[in-house]
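Here is the file my_file12.csv (CSV, N, CA and C atoms).
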chain,number,residue,atom,x,y,z
A,231,MET,N,29.5,44.7,-61.3
A,231,MET,CA,28.3,44.7,-62.1
A,231,MET,C,27.5,43.4,-61.7
A,232,THR,N,26.3,43.5,-61.3
A,232,THR,CA,25.4,42.4,-61.0
A,232,THR,C,24.6,42.0,-62.2
A,233,THR,N,24.6,40.7,-62.5
A,233,THR,CA,23.8,40.3,-63.6
A,233,THR,C,22.5,39.7,-63.1
A,234,ILE,N,21.6,39.4,-64.1
A,234,ILE,CA,20.3,38.8,-63.7
A,234,ILE,C,20.5,37.5,-63.1
A,235,ALA,N,21.5,36.7,-63.6
A,235,ALA,CA,21.8,35.4,-63.0
A,235,ALA,C,22.2,35.5,-61.5
A,236,ASP,N,23.0,36.5,-61.2
A,236,ASP,CA,23.5,36.8,-59.9
A,236,ASP,C,22.3,37.1,-59.0
A,237,GLU,N,21.4,37.9,-59.4
A,237,GLU,CA,20.2,38.2,-58.7
A,237,GLU,C,19.3,37.0,-58.4
A,238,GLU,N,19.2,36.1,-59.4
A,238,GLU,CA,18.4,34.9,-59.3
A,238,GLU,C,19.0,34.0,-58.3
A,239,ILE,N,20.3,33.9,-58.3
A,239,ILE,CA,21.0,33.0,-57.3
A,239,ILE,C,20.8,33.6,-55.9
A,240,ARG,N,21.0,34.9,-55.8
A,240,ARG,CA,20.8,35.5,-54.5
A,240,ARG,C,19.4,35.3,-54.0
A,241,ARG,N,18.4,35.5,-54.9
A,241,ARG,CA,17.0,35.3,-54.5
A,241,ARG,C,16.7,33.9,-54.0
A,242,ARG,N,17.3,32.9,-54.7
A,242,ARG,CA,17.1,31.5,-54.3
A,242,ARG,C,17.8,31.2,-53.0
A,243,ILE,N,19.0,31.7,-52.8
A,243,ILE,CA,19.7,31.5,-51.5
A,243,ILE,C,18.8,32.1,-50.4
A,244,GLU,N,18.3,33.3,-50.5
A,244,GLU,CA,17.5,33.9,-49.5
A,244,GLU,C,16.2,33.1,-49.3
A,245,GLN,N,15.6,32.6,-50.3
A,245,GLN,CA,14.4,31.7,-50.2
A,245,GLN,C,14.8,30.5,-49.4
A,246,ALA,N,15.9,29.8,-49.7
A,246,ALA,CA,16.3,28.6,-48.9
A,246,ALA,C,16.6,29.0,-47.5
A,247,ALA,N,17.3,30.1,-47.3
A,247,ALA,CA,17.6,30.5,-45.9
A,247,ALA,C,16.3,30.7,-45.1
A,248,GLY,N,15.3,31.3,-45.7
A,248,GLY,CA,14.0,31.6,-45.1
A,248,GLY,C,13.3,30.3,-44.7
A,249,LEU,N,13.4,29.2,-45.5
A,249,LEU,CA,12.8,28.0,-45.2
A,249,LEU,C,13.5,27.3,-44.0
A,250,LEU,N,14.8,27.5,-43.9
A,250,LEU,CA,15.6,26.8,-42.9
A,250,LEU,C,15.7,27.7,-41.6
A,251,ARG,N,15.4,28.9,-41.6
A,251,ARG,CA,15.5,29.8,-40.5
A,251,ARG,C,14.7,29.3,-39.3
A,252,GLY,N,15.3,29.2,-38.1
A,252,GLY,CA,14.6,28.7,-36.9
A,252,GLY,C,14.5,27.2,-36.8
A,253,THR,N,15.1,26.5,-37.7
A,253,THR,CA,15.1,25.0,-37.6
A,253,THR,C,16.5,24.5,-37.2
A,254,ARG,N,16.6,23.3,-36.7
A,254,ARG,CA,17.9,22.7,-36.4
A,254,ARG,C,18.3,21.8,-37.6
A,255,ILE,N,19.5,21.9,-38.0
A,255,ILE,CA,20.0,21.2,-39.1
A,255,ILE,C,21.2,20.3,-38.7
A,256,ALA,N,21.2,19.1,-39.2
A,256,ALA,CA,22.4,18.2,-39.0
A,256,ALA,C,22.9,17.9,-40.4
A,257,LEU,N,24.2,17.9,-40.6
A,257,LEU,CA,24.8,17.7,-41.9
A,257,LEU,C,25.8,16.6,-41.7
A,258,LEU,N,25.6,15.5,-42.5
A,258,LEU,CA,26.5,14.3,-42.4
A,258,LEU,C,27.3,14.4,-43.7
A,259,THR,N,28.6,14.2,-43.6
A,259,THR,CA,29.4,14.3,-44.7
A,259,THR,C,30.2,12.9,-44.8
A,260,GLY,N,30.7,12.7,-46.0
A,260,GLY,CA,31.5,11.5,-46.2
A,260,GLY,C,33.0,11.7,-46.1
A,261,ALA,N,33.7,10.6,-46.4
A,261,ALA,CA,35.1,10.6,-46.4
A,261,ALA,C,35.6,11.7,-47.4
A,262,GLY,N,36.7,12.3,-47.0
A,262,GLY,CA,37.4,13.3,-47.9
A,262,GLY,C,37.1,14.7,-47.6
A,263,VAL,N,35.9,15.0,-46.9
A,263,VAL,CA,35.6,16.4,-46.6
A,263,VAL,C,36.6,16.9,-45.6
A,264,SER,N,37.0,16.1,-44.6
A,264,SER,CA,37.9,16.6,-43.6
A,264,SER,C,39.3,16.9,-44.2
A,265,THR,N,39.7,16.0,-45.1
A,265,THR,CA,41.1,16.2,-45.7
A,265,THR,C,41.1,17.5,-46.5
A,266,ASP,N,40.1,17.9,-47.1
A,266,ASP,CA,40.0,19.1,-47.9
A,266,ASP,C,40.2,20.3,-46.9
A,267,SER,N,39.8,20.1,-45.6
A,267,SER,CA,39.8,21.1,-44.6
A,267,SER,C,41.2,21.2,-43.9
A,268,GLY,N,42.1,20.2,-44.3
A,268,GLY,CA,43.4,20.2,-43.7
A,268,GLY,C,43.6,19.2,-42.5
A,269,ILE,N,42.5,18.4,-42.2
A,269,ILE,CA,42.6,17.4,-41.2
A,269,ILE,C,43.3,16.1,-41.9
A,270,PRO,N,44.3,15.6,-41.3
A,270,PRO,CA,45.0,14.4,-42.0
A,270,PRO,C,44.1,13.2,-42.1
A,271,ALA,N,44.3,12.4,-43.2
A,271,ALA,CA,43.5,11.2,-43.4
A,271,ALA,C,43.9,10.1,-42.4
A,272,TYR,N,42.9,9.3,-42.0
A,272,TYR,CA,43.1,8.2,-41.1
A,272,TYR,C,43.7,7.0,-41.9
A,273,ARG,N,43.1,6.8,-43.1
A,273,ARG,CA,43.7,5.7,-44.0
A,273,ARG,C,43.7,6.2,-45.4
A,274,GLY,N,44.3,5.5,-46.3
A,274,GLY,CA,44.4,5.9,-47.6
A,274,GLY,C,45.7,6.5,-47.9
A,275,GLU,N,45.8,7.1,-49.1
A,275,GLU,CA,47.0,7.7,-49.6
A,275,GLU,C,47.5,8.9,-48.7
A,276,GLY,N,48.7,8.8,-48.2
A,276,GLY,CA,49.3,9.8,-47.4
A,276,GLY,C,49.1,9.6,-45.9
A,277,ALA,N,48.3,8.6,-45.5
A,277,ALA,CA,48.0,8.4,-44.1
A,277,ALA,C,49.2,7.6,-43.5
A,278,PRO,N,49.5,7.9,-42.3
A,278,PRO,CA,50.6,7.1,-41.6
A,278,PRO,C,50.1,5.7,-41.4
A,279,PRO,N,51.0,4.7,-41.4
A,279,PRO,CA,50.6,3.3,-41.1
A,279,PRO,C,50.1,3.2,-39.7
A,280,ARG,N,49.1,2.4,-39.5
A,280,ARG,CA,48.5,2.2,-38.2
A,280,ARG,C,48.8,0.8,-37.7
A,281,SER,N,49.5,0.7,-36.5
A,281,SER,CA,49.8,-0.6,-35.9
A,281,SER,C,48.6,-1.1,-35.0
A,282,ASN,N,47.8,-0.2,-34.6
A,282,ASN,CA,46.7,-0.5,-33.7
A,282,ASN,C,45.5,0.4,-34.1
A,283,PRO,N,44.8,0.0,-35.2
A,283,PRO,CA,43.7,0.8,-35.7
A,283,PRO,C,42.6,0.9,-34.7
A,284,MET,N,41.8,2.0,-34.7
A,284,MET,CA,40.7,2.2,-33.8
A,284,MET,C,39.6,1.3,-34.2
A,285,PRO,N,39.0,0.5,-33.3
A,285,PRO,CA,37.9,-0.4,-33.6
A,285,PRO,C,36.6,0.4,-33.9
A,286,ILE,N,35.7,-0.1,-34.6
A,286,ILE,CA,34.4,0.6,-34.9
A,286,ILE,C,33.7,1.0,-33.6
A,287,GLN,N,33.8,0.2,-32.5
A,287,GLN,CA,33.1,0.5,-31.3
A,287,GLN,C,33.6,1.8,-30.7
A,288,THR,N,34.8,2.2,-31.0
A,288,THR,CA,35.4,3.4,-30.4
A,288,THR,C,34.9,4.6,-31.2
File written out as structure tokens:
Amino acid sequence: MTTIADEEIRRRIEQAAGLLRGTRIALLTGAGVSTDSGIPAYRGEGAPPRSNPMPIQT
């Protein structure tokens, strides 16, 4: 069963997609997004200790 709210959400998504269609988009994310995707953390809780951390220039 589709509600009025569902239809409004669908309409807004389609409107946003229309605005973005044919354009290039770059998305920058912060720390934590990759760990939610299953990529292990580089530092912080659960990360292996680093004896030779990667410098910022790398």
Can you check which residues of chain A DSSP gives as alpha helix (DSSP H) on the backbone and send them as a PyMOL selection string?
chain A and resi 234-250+263-266
What does the structure give for the distance between atom C of Ile239 (chain A) and CA of Gly252 (chain A), in Å to one decimal?
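That distance, rounded to one decimal, is 20.6 Å.
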Atom N of Pro279 (chain A) to CA of Thr259 (chain A), distance in Å rounded to a single decimal
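Straight-line distance from atom N of Pro279 (chain A) to CA of Thr259 (chain A) works out to 23.9 Å.
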Quick one: everything within 12 Å of Met284 (chain A), counting only C-alpha atoms, minus sequence neighbours fewer than 4 positions away in the same chain. Send it as a PDB file with N, CA and C atoms, in the coordinates of the input.
ATOM      1  N   TYR A 272      42.900   9.300 -42.000  1.00  0.00           N
ATOM      2  CA  TYR A 272      43.100   8.200 -41.100  1.00  0.00           C
ATOM      3  C   TYR A 272      43.700   7.000 -41.900  1.00  0.00           C
ATOM      4  N   ARG A 273      43.100   6.800 -43.100  1.00  0.00           N
ATOM      5  CA  ARG A 273      43.700   5.700 -44.000  1.00  0.00           C
ATOM      6  C   ARG A 273      43.700   6.200 -45.400  1.00  0.00           C
ATOM      7  N   ARG A 280      49.100   2.400 -39.500  1.00  0.00           N
ATOM      8  CA  ARG A 280      48.500   2.200 -38.200  1.00  0.00           C
ATOM      9  C   ARG A 280      48.800   0.800 -37.700  1.00  0.00           C
ATOM     10  N   THR A 288      34.800   2.200 -31.000  1.00  0.00           N
ATOM     11  CA  THR A 288      35.400   3.400 -30.400  1.00  0.00           C
ATOM     12  C   THR A 288      34.900   4.600 -31.200  1.00  0.00           C
TER      13      THR A 288
END
In Å, rounded to a single decimal, give me how far atom C of Leu257 (chain A) is from atom N of Ile269 (chain A).
16.8 Å
